[in-house]
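First up is the structure itself, then whatever we jot down about it.
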Amino acid sequence: MFILGISCFYHDSSAALINNGEIICAFQEERFTRIKHDPSFPINSIKNCLDYASISFDDIDKVAFYENPELKFERLLKTYKDFFPKSIPLIFRSLPSWFFKKRKWRSELKDHLSSECFYLESSKLVFSEHHRSHAASAFYPSPFNNAAIIVADGVGEFNTTTIWNAEGSSMEKVFEIDFPDSLGLFYSTITSFLGFKVNSGEYKVMGLAPYGKPKYVDLIKDNLINLNHDGSFNLNKKFFTYATNKKMFDSNLSKLFDKEPRKQEAHLTQEDMDIASSVQKVLEEAMMNLALRAKKDTGKQNLCLAGGVALNCVANGKILSEKIFKDIWIQPAAGDAGGSLGAALDFHFSIKTNKRIIDKNDSMKGSLLGKESTELEIYNSLSKNNCVYKKFDKESSLLFEVSEYLEQGMVVGWHQGRMEFGPRALGSRSILGDPRNADMQSKMNLKIKYRESFRPFAPAILEEDLENYFLLNHASPYMLIVSDIKDEIKINESSHKTENFGLNLLKEKRSELPAITHVDYSARIQTVSERSNKRFFKLLKVFKQRTGCPVLINTSFNVRGEPIVCSPDESIQCFMRTEMDVLVIGNFIVLKKDQTFQESDLSWKEEFSLD
């Protein structure tokens, strides 16, 4: 039984295909349209699902939509009423599109499909609810037969936070918090106040937090959000305008912090960093309260997480370290992209009550659920772009040469195997570097990624070596857990009680792996095993054999504002436009020094709006 899941119309549109409960493939529309967080109908993703499975649309048994638009419309009507007359501009802005288009979502889906000659019978169309899709995406691929589930995001239909009790093939919601009280929107509001873009800048706030001090925690808890020990919370609506306005806050927030909102791309002040540090601490406390509530309400030993807030890997690490639960698993596509997968899984297991076959690791296949470039596609792209290349017949020879380049301090674009599903590059569409190189963080941020200097890079480490370098004894294959480095690899920690503060902290070398050690001695860890990504695992093995170091910097293969590369053409283009030294694409190696074409005109940056 083939079930196609669809998520779209808000952000991070996607499509996922399962067959008899097995996850076959999943794609994000942004990878094809090259529009980051693309909300449009995922027709390219659907086509790629069908192509990958070698089936026609007629072979699809059910199409599962990830939420209930009618219920979402009810919430909008309630918002009109609850916030009237402040909601009058919202009514004029949103009601026409909802009344004439969005509430007719079934016919809209059919129209989009029929434009490609995909004809959907009404009996084949089913839907889940937004938080239920998130919960299903977290539990059903997990390695657990039973678990508590926490879903926290901006807002679904009404829910912003839910706790579920899951066992076998069923999930029961046991706790909920509704709009406008929302942890996701609380964090996004501060993200916007700090001059970052909502739905993409939240990562930056998390990365900026260690540069500041949490001096505003009490101010935030006394004025913006009331945290209750039972896991519930309430936002002070005086400071948040997202319910009725495109802007998420007004002058009241400026008065509270006694500062004007930071303009996008403006200089970051110590005050900005202190606010980031404070909001991060408050979020961590809120998530800890929810974890305790989930344990109390369900009695389960395992925890699953999904929703956009589950991408806050610092909070995830704190929950894990507190040992509230015996084990934890986080859906790698925790945001709305994962809703397509969750909707399909929810129908197969919750509705049809099919028995689960549980994988002791998980059923996400390393989240490598996208397309793989064939050797012919790679060859044609290299030829079309007039690339000088070297082809390897032996994998061992290729990996040895790549390791040598990395050891020499070169930056490597790495395009291999099936593309990742979710926001993290996991060793298939990655940019790699040597973490021992003290200059590597600055070089990769400013000359390759073209992004802010303060943003940290993640280590990819052989799973077997994890506990030699980090205070973590739990696999983290999806780069969704932050942990501290071990004392043994720190360098003069006591000497760092210096007068340096803010971005000046970047100048200090903190460990034997300076390029992946954040200013608070933490790292966002990816553990790599042979089962999760075979060729990337082998590369780490060879690099360790050469250098004694089982760690590489792993960041996504893109520049700031651009979706992760998908095709060979996009990888070649990104490689040539930046100061990357080496491109490894399939069994081919391309060296920048050998190419006759050098990108000098930087007008291409205008293709991507800054995130």
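By order of appearance in the structure tokens: chains A, B, ..., then residues from 1 within every chain, and ligands from 1 in the order shown.
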* Asked: Using only C-alpha atoms, which residues sit within 6 Å of range 230-244 of chain A once same-chain residues fewer than 4 positions away are excluded, as number ranges by chain?
  -> A: 87, 90, 181, 224-226, 248-249, 252-253, 289-290, 293
If you take only C-alpha atoms and a cut-off of 10 Å, which residues of range 81-131 of chain A touch range 6-21 of chain A, and what are their nearest atom pairs and distances in Å to one decimal, in chain and number order, as JSON lines?
{"residue": "A:Lys102", "atom": "CA", "partner": "A:Phe9", "partner_atom": "CA", "distance": 9.1}
{"residue": "A:Trp105", "atom": "CA", "partner": "A:Phe9", "partner_atom": "CA", "distance": 9.9}
{"residue": "A:Leu109", "atom": "CA", "partner": "A:Ile6", "partner_atom": "CA", "distance": 9.7}
{"residue": "A:Phe127", "atom": "CA", "partner": "A:Ile6", "partner_atom": "CA", "distance": 9.4}
{"residue": "A:His130", "atom": "CA", "partner": "A:Ser7", "partner_atom": "CA", "distance": 9.5}
* Using DSSP on the backbone, list every residue of range 193-403 of chain A that comes out as alpha helix (DSSP H), and give them as a PyMOL selection string. => chain A and resi 193+202-208+217-223+251-257+270-298+313-321+338-345+375-384+395-403
* May I have the residues within 10 Å of Glu202 in chain A as a ChimeraX atom specification, using only C-alpha atoms and disregarding those fewer than 5 positions away in the same chain? => /A:184,187-192,196-197,207-208,276,308-309,311-312
* Structure fact -> Counting only C-alpha atoms, closest pick from A:Glu404, A:Asp297, A:Asp465, A:Asp520 relative to Arg546 in chain A is A:Glu404
* Running DSSP on the backbone, which parts of range 129-352 of chain A land in strand (DSSP E or B), as JSON, numbers by chain? -> {"A": [146, 147, 148, 149, 150, 151, 152, 159, 160, 161, 162, 163, 164, 165, 166, 167, 170, 171, 172, 173, 174, 175, 176, 177, 178, 225, 226, 227, 233, 234, 235, 302, 303, 304, 305, 306, 327, 328, 329, 330]}
* Considering only C-alpha atoms, return as JSON, numbers by chain whatever protein or nucleic-acid residues lie within 6 Å of range 537-545 of chain A, sequence-local ones (same chain, fewer than 6 positions apart) excluded. => {"A": [399, 403, 528, 529, 530]}
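Omitting range 455-463 of chain A and its sequence neighbours fewer than 4 positions away, and counting only C-alpha atoms, the residues within 7 Å are Lys204, Gly207, Gln441, Ala475, Ala515, Ile516, His518, Ala523, Arg524, Ile525, Gln526, Thr527, Val528, Ser529, Phe537, Leu540, Pro550, Val551, Leu552, Ile553, Asn554 and Thr555 of chain A.
Coordinates place CA of Val198 in chain A at a distance of 25.6 Å from CA of Ser128 in chain A.
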* Quick one: everything within 10 Å of range 170-176 of chain A, counting only C-alpha atoms, minus sequence neighbours fewer than 4 positions away in the same chain. Send it as number ranges by chain. => A: 131-132, 135-136, 139-140, 146-152, 158-166, 231-232, 290, 293-294, 297-298, 346, 349-351, 353-355
* To do: Could you tell me which of A:Phe193, A:Tyr469, A:Phe608, A:Tyr203 comes closest to Ser251 in chain A if we count only C-alpha atoms?
  => A:Phe193
Dump as a tab-separated table the rows for residues of range 405-480 of chain A within 12 Å of range 487-492 of chain A: closest atom pair and distance in Å with one decimal, only C-alpha atoms counted, ordered by chain and rising residue number.
residue	atom	partner	partner_atom	distance
A:Arg436	CA	A:Ile489	CA	11.1
A:Glu467	CA	A:Glu488	CA	11.1
A:Asn468	CA	A:Glu488	CA	8.5
A:Tyr469	CA	A:Ile489	CA	6.9
A:Phe470	CA	A:Asp487	CA	8.7
A:Leu471	CA	A:Asp487	CA	9.0
Could you write out the selected residues, including N, CA and C atoms, as a PDB file, in the first residue's frame?
ATOM      1  N   ARG A 436      40.921  20.590  13.478  1.00  0.00           N
ATOM      2  CA  ARG A 436      42.122  20.946  14.245  1.00  0.00           C
ATOM      3  C   ARG A 436      42.694  22.285  13.805  1.00  0.00           C
ATOM      4  N   GLU A 467      32.832   9.074  23.034  1.00  0.00           N
ATOM      5  CA  GLU A 467      33.080   9.342  24.454  1.00  0.00           C
ATOM      6  C   GLU A 467      34.535   9.708  24.745  1.00  0.00           C
ATOM      7  N   ASN A 468      35.410   9.622  23.740  1.00  0.00           N
ATOM      8  CA  ASN A 468      36.787  10.080  23.924  1.00  0.00           C
ATOM      9  C   ASN A 468      36.905  11.594  23.779  1.00  0.00           C
ATOM     10  N   TYR A 469      35.891  12.218  23.198  1.00  0.00           N
ATOM     11  CA  TYR A 469      35.966  13.643  22.903  1.00  0.00           C
ATOM     12  C   TYR A 469      34.851  14.474  23.539  1.00  0.00           C
ATOM     13  N   PHE A 470      33.691  13.855  23.796  1.00  0.00           N
ATOM     14  CA  PHE A 470      32.546  14.624  24.264  1.00  0.00           C
ATOM     15  C   PHE A 470      31.900  13.989  25.487  1.00  0.00           C
ATOM     16  N   LEU A 471      31.243  14.813  26.291  1.00  0.00           N
ATOM     17  CA  LEU A 471      30.538  14.326  27.481  1.00  0.00           C
ATOM     18  C   LEU A 471      29.147  13.848  27.084  1.00  0.00           C
TER      19      LEU A 471
END
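You can rank A:Tyr119, A:Phe84, A:Trp414, A:Tyr450 by their closest distance to Phe557 in chain A using only C-alpha atoms, and at the top of that list sits A:Trp414.
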Considering only C-alpha atoms, return as a tab-separated table (two decimals) with N, CA and C atoms, in the first residue's frame whatever protein or nucleic-acid residues lie within 9 Å of Phe575 in chain A, sequence-local ones (same chain, fewer than 3 positions apart) excluded.
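Contents of result35.tsv, as written:
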chain	number	residue	atom	x	y	z
A	412	VAL	N	36.52	21.01	1.50
A	412	VAL	CA	36.03	20.03	0.53
A	412	VAL	C	34.51	20.08	0.43
A	413	GLY	N	34.00	20.26	-0.80
A	413	GLY	CA	32.58	20.07	-1.07
A	413	GLY	C	32.35	18.59	-1.33
A	448	ILE	N	33.38	31.02	2.44
A	448	ILE	CA	32.72	29.90	1.74
A	448	ILE	C	31.21	29.95	1.95
A	557	PHE	N	26.12	21.97	2.39
A	557	PHE	CA	26.69	22.37	1.10
A	557	PHE	C	25.76	23.43	0.48
A	558	ASN	N	26.04	24.67	0.83
A	558	ASN	CA	25.29	25.81	0.30
A	558	ASN	C	25.96	27.08	0.78
A	570	GLU	N	24.26	22.15	-9.30
A	570	GLU	CA	24.23	23.09	-8.17
A	570	GLU	C	25.49	22.96	-7.32
A	571	SER	N	25.99	21.74	-7.16
A	571	SER	CA	27.22	21.55	-6.39
A	571	SER	C	28.41	22.18	-7.10
A	572	ILE	N	28.48	22.01	-8.40
A	572	ILE	CA	29.58	22.59	-9.18
A	572	ILE	C	29.50	24.11	-9.12
A	578	THR	N	32.57	29.94	-4.64
A	578	THR	CA	33.13	30.16	-3.31
A	578	THR	C	34.61	29.81	-3.31
A	579	GLU	N	35.22	29.92	-2.13
A	579	GLU	CA	36.65	29.62	-2.01
A	579	GLU	C	36.90	28.18	-1.54
A	580	MET	N	35.96	27.30	-1.84
A	580	MET	CA	36.22	25.87	-1.61
A	580	MET	C	37.40	25.43	-2.47
A	581	ASP	N	38.17	24.49	-1.96
A	581	ASP	CA	39.37	24.04	-2.67
A	581	ASP	C	39.13	22.80	-3.52
A	582	VAL	N	38.25	21.92	-3.03
A	582	VAL	CA	38.08	20.61	-3.65
A	582	VAL	C	36.60	20.28	-3.73
A	583	LEU	N	36.18	19.67	-4.84
A	583	LEU	CA	34.83	19.13	-4.95
A	583	LEU	C	34.95	17.63	-5.18
A	592	LYS	N	40.06	23.12	-7.43
A	592	LYS	CA	39.85	24.50	-7.86
A	592	LYS	C	41.05	25.03	-8.66
* Counting only C-alpha atoms, which of A:Glu372, A:Asp439, A:Glu322, A:Asp393 gets nearest to His415 in chain A? ->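 Among the listed residues, the smallest separation from His415 in chain A belongs to A:Glu372.
Counting only C-alpha atoms, the residue from A:Pro568, A:Asp218, A:Glu285, A:Tyr521 that sits nearest to Ser383 in chain A is A:Pro568.
One finds CA of Ile589 in chain A at 7.9 Å from CA of Leu398 in chain A.
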